[in-house]
file structure-v2.txt (compact mmCIF, C-alpha atoms and all ligand atoms)
# COMPACT_ATOMS: atom_id res chain seq x y z
CA MET A 654 -8.92 -13.26 18.48
CA ALA A 655 -9.71 -14.51 14.98
CA THR A 656 -12.80 -12.84 13.60
CA GLN A 657 -13.00 -14.67 10.27
CA GLY A 658 -16.38 -16.30 9.78
CA GLN A 659 -17.75 -14.60 12.91
CA VAL A 660 -20.24 -11.79 13.30
CA ILE A 661 -18.30 -8.68 14.35
CA THR A 662 -19.89 -6.21 16.73
CA CYS A 663 -18.39 -2.76 16.22
CA LYS A 664 -19.29 0.92 16.24
CA ALA A 665 -21.11 2.44 13.28
CA ALA A 666 -22.89 5.75 12.76
CA VAL A 667 -26.49 4.95 11.90
CA ALA A 668 -28.70 7.43 10.06
CA TRP A 669 -32.06 6.35 11.49
CA GLU A 670 -33.98 9.16 9.78
CA PRO A 671 -33.20 11.94 7.33
CA ASN A 672 -31.85 15.14 8.84
CA LYS A 673 -31.48 13.73 12.36
CA PRO A 674 -28.04 13.44 13.99
CA LEU A 675 -26.33 10.12 13.31
CA VAL A 676 -26.28 7.74 16.28
CA ILE A 677 -23.16 5.73 17.11
CA GLU A 678 -24.51 2.24 17.67
CA ASP A 679 -23.13 -1.22 18.36
CA VAL A 680 -23.72 -2.78 14.97
CA GLN A 681 -23.48 -6.46 14.06
CA VAL A 682 -21.58 -6.98 10.82
CA ALA A 683 -22.13 -10.43 9.28
CA PRO A 684 -19.23 -12.33 7.65
CA PRO A 685 -18.71 -11.80 3.92
CA GLN A 686 -20.50 -14.22 1.61
CA ALA A 687 -19.35 -15.41 -1.83
CA GLY A 688 -17.86 -12.53 -3.80
CA GLU A 689 -17.77 -10.23 -0.76
CA VAL A 690 -15.02 -8.69 1.33
CA ARG A 691 -15.19 -7.50 4.94
CA VAL A 692 -13.01 -4.45 5.45
CA LYS A 693 -11.77 -2.85 8.65
CA ILE A 694 -12.37 0.80 7.81
CA LEU A 695 -9.55 2.90 9.27
CA PHE A 696 -10.26 6.36 7.87
CA SER A 697 -13.36 7.79 6.27
CA ALA A 698 -13.93 11.31 5.00
CA LEU A 699 -17.24 13.04 4.40
CA CYS A 700 -18.41 14.00 0.94
CA HIS A 701 -21.28 16.34 0.17
CA THR A 702 -23.16 13.42 -1.34
CA ASP A 703 -23.37 11.83 2.15
CA ILE A 704 -24.96 15.05 3.39
CA TYR A 705 -27.27 15.17 0.38
CA THR A 706 -28.61 11.66 1.08
CA TRP A 707 -28.73 12.25 4.85
CA SER A 708 -30.79 15.42 4.26
CA GLY A 709 -33.49 13.41 2.48
CA GLN A 710 -32.95 14.91 -0.99
CA ASP A 711 -31.70 11.69 -2.62
CA PRO A 712 -34.46 9.77 -4.41
CA GLU A 713 -32.46 6.61 -3.68
CA GLY A 714 -32.01 7.44 0.02
CA LEU A 715 -33.10 4.59 2.33
CA PHE A 716 -33.31 4.71 6.12
CA PRO A 717 -32.04 3.46 8.47
CA CYS A 718 -28.69 3.26 6.73
CA ILE A 719 -24.96 3.58 7.26
CA LEU A 720 -23.63 6.36 5.05
CA GLY A 721 -20.01 6.99 3.92
CA HIS A 722 -18.19 6.34 0.65
CA GLU A 723 -14.76 8.05 0.81
CA ALA A 724 -12.57 5.72 2.87
CA ALA A 725 -9.60 3.41 3.17
CA GLY A 726 -8.98 0.31 5.23
CA ILE A 727 -7.57 -3.20 5.52
CA VAL A 728 -9.21 -6.44 4.44
CA GLU A 729 -10.31 -8.45 7.51
CA SER A 730 -11.73 -11.50 5.69
CA VAL A 731 -12.99 -12.56 2.29
CA GLY A 732 -15.92 -14.70 1.14
CA GLU A 733 -15.82 -17.73 -1.11
CA GLY A 734 -14.37 -17.19 -4.56
CA VAL A 735 -12.62 -13.91 -3.78
CA ILE A 736 -9.17 -14.09 -5.33
CA GLU A 737 -7.95 -10.56 -5.95
CA VAL A 738 -7.66 -9.50 -2.32
CA GLN A 739 -6.81 -11.29 0.90
CA PRO A 740 -6.79 -10.43 4.61
CA GLY A 741 -4.23 -7.72 5.33
CA ASP A 742 -4.45 -6.01 1.94
CA HIS A 743 -4.81 -2.24 1.99
CA VAL A 744 -7.90 -1.20 0.05
CA ILE A 745 -10.17 1.63 -1.00
CA PRO A 746 -13.85 0.58 -1.16
CA CYS A 747 -15.38 2.12 -4.30
CA TYR A 748 -18.94 3.21 -4.85
CA LEU A 749 -18.73 2.29 -8.53
CA ALA A 750 -17.99 -1.36 -9.26
CA GLU A 751 -15.80 -2.66 -12.08
CA CYS A 752 -16.71 -6.30 -12.81
CA ARG A 753 -14.87 -6.35 -16.17
CA GLU A 754 -17.52 -8.70 -17.55
CA CYS A 755 -20.76 -6.79 -18.01
CA LYS A 756 -21.92 -4.87 -21.08
CA PHE A 757 -20.86 -1.58 -19.52
CA CYS A 758 -17.41 -2.74 -18.45
CA LYS A 759 -16.73 -4.34 -21.83
CA SER A 760 -17.97 -1.34 -23.84
CA GLY A 761 -14.79 0.67 -23.39
CA LYS A 762 -17.11 3.69 -23.30
CA THR A 763 -17.93 4.13 -19.62
CA ASN A 764 -16.76 3.50 -16.08
CA LEU A 765 -20.30 2.64 -14.96
CA CYS A 766 -20.66 -1.08 -14.22
CA GLY A 767 -24.02 -2.84 -14.45
CA LYS A 768 -23.34 -5.88 -12.31
CA ILE A 769 -24.37 -4.83 -8.81
CA ARG A 770 -25.75 -1.29 -9.26
CA GLU A 771 -29.37 -2.29 -8.71
CA ALA A 772 -28.53 -4.00 -5.41
CA THR A 773 -26.39 -1.13 -4.13
CA GLY A 774 -29.18 1.32 -5.04
CA ALA A 775 -31.55 -0.85 -2.99
CA GLY A 776 -29.19 -0.82 0.00
CA VAL A 777 -28.49 -4.57 -0.04
CA MET A 778 -25.84 -7.05 -1.16
CA PHE A 779 -26.04 -8.52 -4.67
CA GLY A 780 -25.84 -12.22 -3.66
CA ASP A 781 -28.94 -12.58 -1.49
CA ARG A 782 -30.41 -9.06 -1.63
CA LYS A 783 -29.95 -8.76 2.14
CA SER A 784 -28.01 -6.40 4.38
CA ARG A 785 -24.93 -7.53 6.32
CA PHE A 786 -25.57 -4.86 8.99
CA SER A 787 -28.00 -5.12 11.87
CA VAL A 788 -28.67 -3.49 15.22
CA ASN A 789 -30.29 -5.86 17.73
CA GLY A 790 -31.59 -7.95 14.84
CA LYS A 791 -32.98 -5.02 12.83
CA PRO A 792 -31.40 -4.79 9.36
CA ILE A 793 -29.72 -1.49 8.45
CA TYR A 794 -29.40 -0.55 4.77
CA HIS A 795 -26.05 -0.28 3.02
CA PHE A 796 -25.29 2.98 1.16
CA MET A 797 -23.60 3.24 -2.25
CA GLY A 798 -22.24 -0.27 -1.71
CA THR A 799 -19.66 1.13 0.71
CA SER A 800 -21.15 2.24 4.09
CA THR A 801 -17.83 3.43 5.42
CA PHE A 802 -19.15 5.18 8.55
CA SER A 803 -18.72 1.80 10.24
CA GLN A 804 -15.58 0.32 11.78
CA TYR A 805 -16.20 -2.77 9.60
CA SER A 806 -18.09 -2.89 6.32
CA VAL A 807 -18.93 -5.60 3.80
CA VAL A 808 -18.28 -4.64 0.17
CA HIS A 809 -18.56 -6.54 -3.14
CA ASP A 810 -15.21 -7.79 -4.44
CA VAL A 811 -15.86 -5.99 -7.75
CA SER A 812 -15.87 -2.71 -5.80
CA ILE A 813 -12.55 -3.08 -3.99
CA ALA A 814 -9.38 -1.35 -5.17
CA LYS A 815 -6.20 -2.90 -3.76
CA VAL A 816 -3.62 -0.18 -3.15
CA ASP A 817 0.03 0.26 -2.26
CA PRO A 818 0.40 -0.61 1.46
CA LYS A 819 3.00 2.17 1.82
CA ALA A 820 0.39 4.85 1.04
CA PRO A 821 -1.00 6.68 4.12
CA LEU A 822 -4.59 5.53 4.54
CA GLU A 823 -5.54 8.74 6.37
CA LYS A 824 -4.83 10.64 3.16
CA ILE A 825 -5.63 8.27 0.30
CA CYS A 826 -9.14 7.73 1.64
CA LEU A 827 -9.90 10.87 -0.38
CA LEU A 828 -9.18 8.94 -3.56
CA GLY A 829 -12.50 7.14 -2.98
CA CYS A 830 -14.50 10.05 -4.38
CA GLY A 831 -14.01 13.82 -4.56
CA VAL A 832 -10.46 14.24 -5.83
CA PRO A 833 -10.63 11.66 -8.67
CA THR A 834 -14.01 13.08 -9.67
CA GLY A 835 -12.63 16.55 -10.33
CA LEU A 836 -9.43 15.32 -12.00
CA GLY A 837 -11.29 12.84 -14.18
CA ALA A 838 -13.98 15.34 -15.20
CA VAL A 839 -11.17 17.28 -16.89
CA TRP A 840 -8.96 14.44 -18.12
CA ASN A 841 -11.56 11.83 -19.11
CA ALA A 842 -14.92 13.53 -19.63
CA ALA A 843 -13.83 16.82 -21.21
CA LYS A 844 -10.33 15.83 -22.34
CA VAL A 845 -9.09 19.42 -21.92
CA GLU A 846 -6.25 20.27 -24.32
CA PRO A 847 -3.24 22.57 -23.71
CA GLY A 848 -4.15 26.23 -24.17
CA SER A 849 -7.84 25.74 -23.35
CA VAL A 850 -9.88 28.34 -21.50
CA VAL A 851 -11.77 26.69 -18.64
CA ALA A 852 -14.51 27.82 -16.23
CA ILE A 853 -15.08 25.98 -12.96
CA PHE A 854 -18.29 26.66 -11.05
CA GLY A 855 -17.88 25.84 -7.35
CA LEU A 856 -14.51 25.79 -5.61
CA GLY A 857 -15.01 22.99 -3.10
CA THR A 858 -12.96 19.77 -3.26
CA VAL A 859 -14.41 18.69 -6.60
CA GLY A 860 -13.96 22.09 -8.26
CA LEU A 861 -10.42 22.46 -6.91
CA ALA A 862 -9.50 19.00 -8.19
CA ALA A 863 -10.94 19.99 -11.58
CA SER A 864 -8.73 23.06 -11.48
CA GLU A 865 -5.70 20.96 -10.57
CA GLY A 866 -6.55 18.68 -13.50
CA ALA A 867 -6.97 21.61 -15.88
CA LYS A 868 -3.63 23.07 -14.84
CA ALA A 869 -1.94 19.70 -15.42
CA ALA A 870 -3.64 19.50 -18.83
CA GLY A 871 -2.10 22.85 -19.79
CA ALA A 872 -5.17 25.10 -19.69
CA SER A 873 -4.17 28.72 -20.36
CA ARG A 874 -6.91 30.31 -18.24
CA ILE A 875 -8.82 28.72 -15.35
CA ILE A 876 -11.69 30.91 -14.24
CA GLY A 877 -13.08 29.99 -10.83
CA ILE A 878 -16.65 31.01 -10.04
CA ASP A 879 -17.98 30.91 -6.48
CA ILE A 880 -20.43 32.91 -4.38
CA ASP A 881 -17.87 32.94 -1.56
CA SER A 882 -14.98 35.27 -2.50
CA LYS A 883 -12.82 33.83 0.29
CA LYS A 884 -12.43 30.72 -1.90
CA TYR A 885 -10.14 32.49 -4.38
CA GLU A 886 -6.94 32.63 -2.30
CA ARG A 887 -6.82 28.87 -1.76
CA ALA A 888 -8.05 28.15 -5.29
CA LYS A 889 -4.97 29.90 -6.73
CA THR A 890 -2.81 27.14 -5.24
CA PHE A 891 -4.87 24.58 -7.18
CA GLY A 892 -4.40 26.43 -10.48
CA VAL A 893 -7.27 28.94 -10.65
CA THR A 894 -5.96 32.01 -12.51
CA GLU A 895 -9.02 34.32 -12.30
CA PHE A 896 -12.02 34.59 -10.02
CA VAL A 897 -15.58 35.76 -10.53
CA ASN A 898 -18.25 36.11 -7.85
CA PRO A 899 -21.73 36.12 -9.45
CA LYS A 900 -22.95 38.27 -6.57
CA ASP A 901 -20.78 41.15 -7.82
CA TYR A 902 -22.78 41.41 -11.07
CA GLU A 903 -26.30 42.40 -12.06
CA LYS A 904 -26.20 40.50 -15.35
CA PRO A 905 -26.33 36.71 -15.69
CA ILE A 906 -23.01 35.07 -14.90
CA GLN A 907 -22.88 33.37 -18.32
CA GLN A 908 -22.90 36.83 -19.92
CA VAL A 909 -20.05 37.95 -17.67
CA ILE A 910 -17.94 34.93 -18.64
CA ILE A 911 -18.70 35.30 -22.34
CA GLU A 912 -17.49 38.92 -22.22
CA LEU A 913 -14.37 37.97 -20.29
CA THR A 914 -13.41 35.29 -22.83
CA ASP A 915 -14.16 36.71 -26.27
CA GLY A 916 -17.24 34.56 -26.83
CA GLY A 917 -17.09 31.87 -24.17
CA VAL A 918 -14.94 29.16 -22.66
CA ASP A 919 -13.74 25.95 -24.28
CA TYR A 920 -14.76 23.86 -21.27
CA SER A 921 -16.87 24.43 -18.18
CA PHE A 922 -17.51 22.27 -15.12
CA GLU A 923 -20.45 22.50 -12.73
CA CYS A 924 -19.18 21.33 -9.35
CA ILE A 925 -22.05 22.48 -7.11
CA GLY A 926 -25.28 20.56 -7.83
CA ASN A 927 -27.40 23.63 -8.68
CA VAL A 928 -29.52 23.31 -11.84
CA SER A 929 -29.54 27.09 -12.54
CA VAL A 930 -25.75 27.08 -12.40
CA MET A 931 -25.70 24.05 -14.72
CA ARG A 932 -27.53 26.16 -17.28
CA ALA A 933 -25.12 29.05 -16.83
CA ALA A 934 -22.19 26.64 -17.17
CA LEU A 935 -23.49 25.40 -20.50
CA GLU A 936 -24.39 28.84 -21.81
CA CYS A 937 -20.98 30.35 -21.02
CA CYS A 938 -19.39 27.86 -23.43
CA HIS A 939 -18.11 29.01 -26.80
CA LYS A 940 -20.42 28.65 -29.79
CA GLY A 941 -19.40 25.80 -32.09
CA TRP A 942 -17.35 23.73 -29.69
CA GLY A 943 -17.67 24.58 -26.00
CA THR A 944 -18.30 21.57 -23.76
CA SER A 945 -19.89 21.70 -20.34
CA VAL A 946 -19.54 18.83 -17.86
CA ILE A 947 -22.07 18.35 -15.04
CA VAL A 948 -20.40 16.97 -11.94
CA GLY A 949 -22.60 18.28 -9.10
CA VAL A 950 -25.47 16.14 -7.82
CA ALA A 951 -28.83 17.94 -7.87
CA PRO A 952 -31.67 17.21 -5.42
CA ALA A 953 -34.63 14.95 -6.26
CA GLY A 954 -37.15 16.58 -8.57
CA LYS A 955 -34.76 19.17 -10.06
CA GLU A 956 -34.38 19.32 -13.84
CA ILE A 957 -32.04 21.13 -16.20
CA SER A 958 -33.16 23.32 -19.08
CA THR A 959 -31.75 25.52 -21.81
CA ARG A 960 -32.77 26.59 -25.30
CA PRO A 961 -32.07 23.67 -27.66
CA PHE A 962 -30.45 26.33 -29.87
CA GLN A 963 -27.53 26.25 -27.43
CA LEU A 964 -26.83 22.68 -28.53
CA VAL A 965 -27.79 23.19 -32.18
CA THR A 966 -25.07 25.80 -32.29
CA GLY A 967 -22.43 23.36 -31.21
CA ARG A 968 -22.21 23.38 -27.45
CA VAL A 969 -22.02 19.94 -25.83
CA TRP A 970 -23.62 19.06 -22.50
CA LYS A 971 -22.40 15.99 -20.66
CA GLY A 972 -21.87 14.61 -17.16
CA THR A 973 -19.55 12.33 -15.28
CA ALA A 974 -19.57 9.89 -12.36
CA PHE A 975 -16.28 9.47 -10.49
CA GLY A 976 -14.60 11.42 -13.27
CA GLY A 977 -14.91 8.50 -15.65
CA PHE A 978 -12.18 6.53 -13.83
CA LYS A 979 -12.52 2.74 -13.75
CA THR A 980 -12.31 2.07 -10.06
CA ARG A 981 -10.50 -1.24 -9.53
CA THR A 982 -8.04 -0.50 -12.32
CA GLN A 983 -7.43 3.20 -11.88
CA VAL A 984 -7.76 3.97 -8.15
CA PRO A 985 -4.47 2.08 -7.50
CA TRP A 986 -2.94 4.13 -10.34
CA LEU A 987 -4.15 7.36 -8.72
CA VAL A 988 -2.59 6.23 -5.44
CA GLU A 989 0.71 5.73 -7.29
CA LYS A 990 0.41 9.20 -8.82
CA TYR A 991 -0.07 10.59 -5.31
CA MET A 992 2.96 8.65 -4.02
CA LYS A 993 5.02 10.16 -6.86
CA LYS A 994 3.69 13.62 -5.88
CA GLU A 995 2.04 14.01 -9.28
CA ILE A 996 -1.35 14.81 -7.74
CA LYS A 997 -2.31 16.58 -4.53
CA VAL A 998 -4.25 14.80 -1.80
CA ASP A 999 -2.95 16.09 1.57
CA GLU A 1000 -3.95 19.62 0.62
CA TYR A 1001 -7.66 18.70 0.57
CA VAL A 1002 -7.61 17.39 4.16
CA THR A 1003 -8.46 20.51 6.15
CA HIS A 1004 -9.87 18.81 9.25
CA SER A 1005 -9.50 15.53 11.16
CA LEU A 1006 -11.74 14.22 13.95
CA PRO A 1007 -12.26 11.02 15.93
CA PHE A 1008 -15.18 8.92 14.65
CA GLY A 1009 -17.26 9.72 17.72
CA GLU A 1010 -17.45 13.34 16.58
CA ILE A 1011 -18.96 12.51 13.20
CA ASN A 1012 -21.93 14.83 13.71
CA ASN A 1013 -19.53 17.76 14.20
CA SER A 1014 -17.92 16.86 10.89
CA PHE A 1015 -21.31 17.23 9.18
CA ASP A 1016 -21.48 20.78 10.58
CA LEU A 1017 -17.88 21.48 9.55
CA MET A 1018 -18.65 20.64 5.92
CA HIS A 1019 -20.88 23.71 5.79
CA GLU A 1020 -18.05 25.99 6.89
CA GLY A 1021 -16.36 27.87 4.08
CA ASN A 1022 -12.82 26.77 4.91
CA CYS A 1023 -13.52 23.03 5.18
CA LEU A 1024 -12.72 20.87 2.17
CA ARG A 1025 -12.56 17.39 3.62
CA CYS A 1026 -12.81 16.22 7.24
CA VAL A 1027 -11.18 12.82 7.77
CA LEU A 1028 -12.56 10.66 10.59
CA ASP A 1029 -10.23 8.32 12.46
CA MET A 1030 -12.60 5.37 12.72
CA HIS A 1031 -10.84 3.69 15.65
CA ALA A 1032 -9.69 6.71 17.72
N1 LIG A 1101 -20.50 13.25 -10.14
C1 LIG A 1101 -19.78 12.70 -9.19
O1 LIG A 1101 -19.23 11.60 -9.36
C2 LIG A 1101 -19.58 13.42 -7.90
C3 LIG A 1101 -18.59 12.99 -6.99
C4 LIG A 1101 -18.38 13.73 -5.82
C5 LIG A 1101 -19.17 14.82 -5.54
N2 LIG A 1101 -20.14 15.17 -6.42
C6 LIG A 1101 -20.97 16.36 -6.19
O2 LIG A 1101 -20.18 17.48 -6.56
C7 LIG A 1101 -20.66 18.64 -5.89
C8 LIG A 1101 -19.50 19.41 -5.28
O3 LIG A 1101 -18.91 18.68 -4.24
P1 LIG A 1101 -17.89 19.41 -3.25
O4 LIG A 1101 -17.51 18.40 -2.23
O5 LIG A 1101 -16.81 20.09 -4.01
O6 LIG A 1101 -18.87 20.50 -2.63
P2 LIG A 1101 -18.63 21.88 -1.83
O7 LIG A 1101 -19.92 22.20 -1.18
O8 LIG A 1101 -17.41 21.77 -1.00
O9 LIG A 1101 -18.33 22.95 -2.96
C9 LIG A 1101 -19.32 23.65 -3.61
C10 LIG A 1101 -18.85 25.09 -3.81
O10 LIG A 1101 -19.85 25.75 -4.61
C11 LIG A 1101 -20.03 27.06 -4.09
N3 LIG A 1101 -21.37 27.49 -4.50
C12 LIG A 1101 -22.56 27.17 -3.95
N4 LIG A 1101 -23.57 27.73 -4.65
C13 LIG A 1101 -23.00 28.42 -5.66
C14 LIG A 1101 -23.53 29.21 -6.73
N5 LIG A 1101 -24.84 29.38 -6.88
N6 LIG A 1101 -22.64 29.76 -7.60
C15 LIG A 1101 -21.31 29.59 -7.45
N7 LIG A 1101 -20.75 28.87 -6.44
C16 LIG A 1101 -21.60 28.29 -5.57
C17 LIG A 1101 -19.81 26.93 -2.60
O11 LIG A 1101 -19.44 28.18 -2.02
C18 LIG A 1101 -18.68 25.90 -2.54
O12 LIG A 1101 -17.42 26.54 -2.56
C19 LIG A 1101 -21.71 18.14 -4.90
O13 LIG A 1101 -22.99 18.28 -5.50
C20 LIG A 1101 -21.38 16.66 -4.77
O14 LIG A 1101 -22.51 15.91 -4.35
C21 LIG A 1101 -20.34 14.52 -7.59
N1 LIG A 1102 -28.73 8.57 -5.84
C1 LIG A 1102 -28.69 9.82 -6.55
C2 LIG A 1102 -27.54 9.87 -7.52
C3 LIG A 1102 -26.36 10.42 -6.90
C4 LIG A 1102 -25.24 10.49 -7.90
O1 LIG A 1102 -25.36 11.04 -8.99
N2 LIG A 1102 -24.13 9.94 -7.52
C5 LIG A 1102 -22.91 10.07 -8.27
C6 LIG A 1102 -21.80 9.97 -7.31
S1 LIG A 1102 -21.76 11.24 -6.14
C7 LIG A 1102 -20.43 10.83 -5.24
O2 LIG A 1102 -20.23 11.77 -4.31
C8 LIG A 1102 -22.70 8.93 -9.24
O3 LIG A 1102 -21.59 8.58 -9.54
N3 LIG A 1102 -23.70 8.35 -9.75
C9 LIG A 1102 -23.62 7.20 -10.60
C10 LIG A 1102 -24.32 6.05 -9.96
O4 LIG A 1102 -24.81 6.23 -8.84
O5 LIG A 1102 -24.38 4.98 -10.57
C11 LIG A 1102 -29.95 10.07 -7.30
O6 LIG A 1102 -30.69 9.09 -7.55
O7 LIG A 1102 -30.17 11.23 -7.65
ZN ZN A 1103 -18.68 11.56 -2.94
ZN ZN A 1104 -19.30 -4.44 -14.97
call {"tool": "encode", "arguments": {"input": "structure-v2.txt", "output": "structure tokens", "more": "lines below"}}
Ligand SMILES: NC(=O)c1ccc[n+]([C@@H]2O[C@H](COP(=O)([O-])OP(=O)(O)OC[C@H]3O[C@@H](n4cnc5c(N)ncnc54)[C@H](O)[C@@H]3O)[C@@H](O)[C@H]2O)c1
Ligand SMILES: N[C@@H](CCC(=O)N[C@@H](CSCO)C(=O)NCC(=O)O)C(=O)O
Ligand SMILES: [Zn+2]
Ligand SMILES: [Zn+2]
result
Amino acid sequence: MATQGQVITCKAAVAWEPNKPLVIEDVQVAPPQAGEVRVKILFSALCHTDIYTWSGQDPEGLFPCILGHEAAGIVESVGEGVIEVQPGDHVIPCYLAECRECKFCKSGKTNLCGKIREATGAGVMFGDRKSRFSVNGKPIYHFMGTSTFSQYSVVHDVSIAKVDPKAPLEKICLLGCGVPTGLGAVWNAAKVEPGSVVAIFGLGTVGLAASEGAKAAGASRIIGIDIDSKKYERAKTFGVTEFVNPKDYEKPIQQVIIELTDGGVDYSFECIGNVSVMRAALECCHKGWGTSVIVGVAPAGKEISTRPFQLVTGRVWKGTAFGGFKTRTQVPWLVEKYMKKEIKVDEYVTHSLPFGEINNSFDLMHEGNCLRCVLDMHA
């Protein structure tokens, strides 16, 4: 039955309140309006940022909402004026837009796009500032402009990356967030050079992707730091050459790293979201040139600090969103790199579950051996 132009009723996991199990509801998904695309979401993974917002720590968190931002699917229908995708196209919905027209997009200096960010932060669509989701007439907020924990979602056309239809959607859904973030932190934000000494704090998906990126960039030493020593074995296969557990030392971890590296590392990456670790990551950088990149997302109200002298003496502190990749342009390129086996993706999928078990996947994400759990949205 043709669904174009019709309201679709499908299953979605609604977060009615912070910290309460998601509820699988029959959700009404309105047709896409001008500049919008309705996507049949086939596979969606969980990212720690979903858990962060669900737990109530995100200052932008709105409830009730439909979470999810690491997914892949097929275009079901498009709104007026949408020319770059059509029904049947395989796509990755992206939480960062790329309109190619705004001040940000034209700057050549950032992958952040200004066009729809305010609307996505407010949980609504840009065109009419309304939601396309409802349950029995009650509007449900969008999340990050993606809301992929729904069998159908409506996304802005500037946030849709059209990808190679031969690529397996159950794997490339990961290219919607965690893996590009780690790779891009190294390649785009830090621009790690061959021979560099690198420290990576946190060996989850983002930290492992940063390690993979650092190895590809020719780093000579990749020091992984994690409070769970079991992470080292797997991390070796992503390029980590040495491991340090802060719990094994009395002294501050930055001191340990400085001693291990004759004065500090060339580049460090915080892939946890802990502001004390962010400080350590900066302070373990080499005087004169060391650069530290913040990747982890810290809870509302947390702030970073260090002695300004750390920066006066040449260390650089910066951060990155989605690893600096431009979404519509570069996500298809990352998919091609995966198809050519130039980057890993399968290796990050440690668990798979049917959509109905989404609450179990939230629990799994807290288990040490889980990197990404991919939900089959129509199983
Ligand atoms: N900036 C972005 O664009 C972006 C994109 C995706 C994810 N993120 C954020 O990146 C962070 C990492 O994501 P992930 O999926 O890899 O998370 P994860 O939870 O899988 O990995 C974090 C790792 O840090 C370790 N850890 C925790 N506390 C530690 C400490 N004090 N010292 C050392 N290690 C510690 C954990 O054992 C774990 O291995 C999250 O905050 C997530 O929200 C940011
Ligand atoms: N809403 C949060 C910000 C969260 C945040 O920093 N998000 C990252 C992506 S995390 C993906 O897993 C990001 O890219 N931010 C850029 C943006 O949102 O425009 C808060 O307010 O603290
Ligand atoms: Zn994410
Ligand atoms: Zn833009």
call {"tool": "atom_distance", "arguments": {"input": "structure-v2.txt", "atom1": "atom CA of Asp919 of chain A", "atom2": "atom CA of Ser864 of chain A"}}
result
14.0 Å
call {"tool": "residues_around", "arguments": {"input": "structure-v2.txt", "residues": "segment 728-736 of chain A", "least_positions_apart": "6", "cutoff": "10 Å", "atoms": "all atoms listed in the file", "output": "number ranges by chain"}}
result
A: 655-659, 684-694, 742-745, 805-811, 813, 815
call {"tool": "write_last_selection", "arguments": {"input": "structure-v2.txt", "atoms": "C-alpha atoms", "output": "compact mmCIF listing (two decimals), in the coordinates of the input"}}
result
# COMPACT_ATOMS: atom_id res chain seq x y z
CA ALA A 655 -9.71 -14.51 14.98
CA THR A 656 -12.80 -12.84 13.60
CA GLN A 657 -13.00 -14.67 10.27
CA GLY A 658 -16.38 -16.30 9.78
CA GLN A 659 -17.75 -14.60 12.91
CA PRO A 684 -19.23 -12.33 7.65
CA PRO A 685 -18.71 -11.80 3.92
CA GLN A 686 -20.50 -14.22 1.61
CA ALA A 687 -19.35 -15.41 -1.83
CA GLY A 688 -17.86 -12.53 -3.80
CA GLU A 689 -17.77 -10.23 -0.76
CA VAL A 690 -15.02 -8.69 1.33
CA ARG A 691 -15.19 -7.50 4.94
CA VAL A 692 -13.01 -4.45 5.45
CA LYS A 693 -11.77 -2.85 8.65
CA ILE A 694 -12.37 0.80 7.81
CA ASP A 742 -4.45 -6.01 1.94
CA HIS A 743 -4.81 -2.24 1.99
CA VAL A 744 -7.90 -1.20 0.05
CA ILE A 745 -10.17 1.63 -1.00
CA TYR A 805 -16.20 -2.77 9.60
CA SER A 806 -18.09 -2.89 6.32
CA VAL A 807 -18.93 -5.60 3.80
CA VAL A 808 -18.28 -4.64 0.17
CA HIS A 809 -18.56 -6.54 -3.14
CA ASP A 810 -15.21 -7.79 -4.44
CA VAL A 811 -15.86 -5.99 -7.75
CA ILE A 813 -12.55 -3.08 -3.99
CA LYS A 815 -6.20 -2.90 -3.76
call {"tool": "closest_residue", "arguments": {"input": "structure-v2.txt", "among": "A:Gly726, A:Gly831, A:Gly837, A:Pro847", "to": "ligand LIG 1102 (chain A)", "atoms": "only C-alpha atoms and all ligand atoms"}}
result
A:Gly831
call {"tool": "residues_near_ligand", "arguments": {"input": "structure-v2.txt", "ligand": "ligand ZN 1104 (chain A)", "cutoff": "7 Å", "atoms": "all atoms listed in the file", "output": "number ranges by chain"}}
result
A: 750-758, 766-768
call {"tool": "closest_atom_pairs", "arguments": {"input": "structure-v2.txt", "of": "chain A", "to": "ligand LIG 1102 (chain A)", "cutoff": "7 Å", "atoms": "all atoms listed in the file", "output": "JSON lines"}}
result
{"residue": "A:Cys700", "atom": "CA", "partner": "A:LIG1102", "partner_atom": "O2", "distance": 6.0}
{"residue": "A:His701", "atom": "CA", "partner": "A:LIG1102", "partner_atom": "O2", "distance": 6.5}
{"residue": "A:Thr702", "atom": "CA", "partner": "A:LIG1102", "partner_atom": "O2", "distance": 4.5}
{"residue": "A:Asp711", "atom": "CA", "partner": "A:LIG1102", "partner_atom": "C11", "distance": 5.3}
{"residue": "A:Pro712", "atom": "CA", "partner": "A:LIG1102", "partner_atom": "O6", "distance": 5.0}
{"residue": "A:Glu713", "atom": "CA", "partner": "A:LIG1102", "partner_atom": "N1", "distance": 4.7}
{"residue": "A:Gly714", "atom": "CA", "partner": "A:LIG1102", "partner_atom": "N1", "distance": 6.8}
{"residue": "A:Leu749", "atom": "CA", "partner": "A:LIG1102", "partner_atom": "O5", "distance": 6.6}
{"residue": "A:Leu765", "atom": "CA", "partner": "A:LIG1102", "partner_atom": "O5", "distance": 6.4}
{"residue": "A:Arg770", "atom": "CA", "partner": "A:LIG1102", "partner_atom": "O5", "distance": 6.6}
{"residue": "A:Cys830", "atom": "CA", "partner": "A:LIG1102", "partner_atom": "O2", "distance": 6.0}
{"residue": "A:Gly831", "atom": "CA", "partner": "A:LIG1102", "partner_atom": "O2", "distance": 6.6}
{"residue": "A:Val950", "atom": "CA", "partner": "A:LIG1102", "partner_atom": "O1", "distance": 5.2}
{"residue": "A:Ala951", "atom": "CA", "partner": "A:LIG1102", "partner_atom": "O7", "distance": 6.8}
{"residue": "A:Pro952", "atom": "CA", "partner": "A:LIG1102", "partner_atom": "O7", "distance": 6.6}
{"residue": "A:Ala953", "atom": "CA", "partner": "A:LIG1102", "partner_atom": "O7", "distance": 6.0}
{"residue": "A:Ala974", "atom": "CA", "partner": "A:LIG1102", "partner_atom": "O3", "distance": 3.7}
{"residue": "A:Phe975", "atom": "CA", "partner": "A:LIG1102", "partner_atom": "O3", "distance": 5.5}
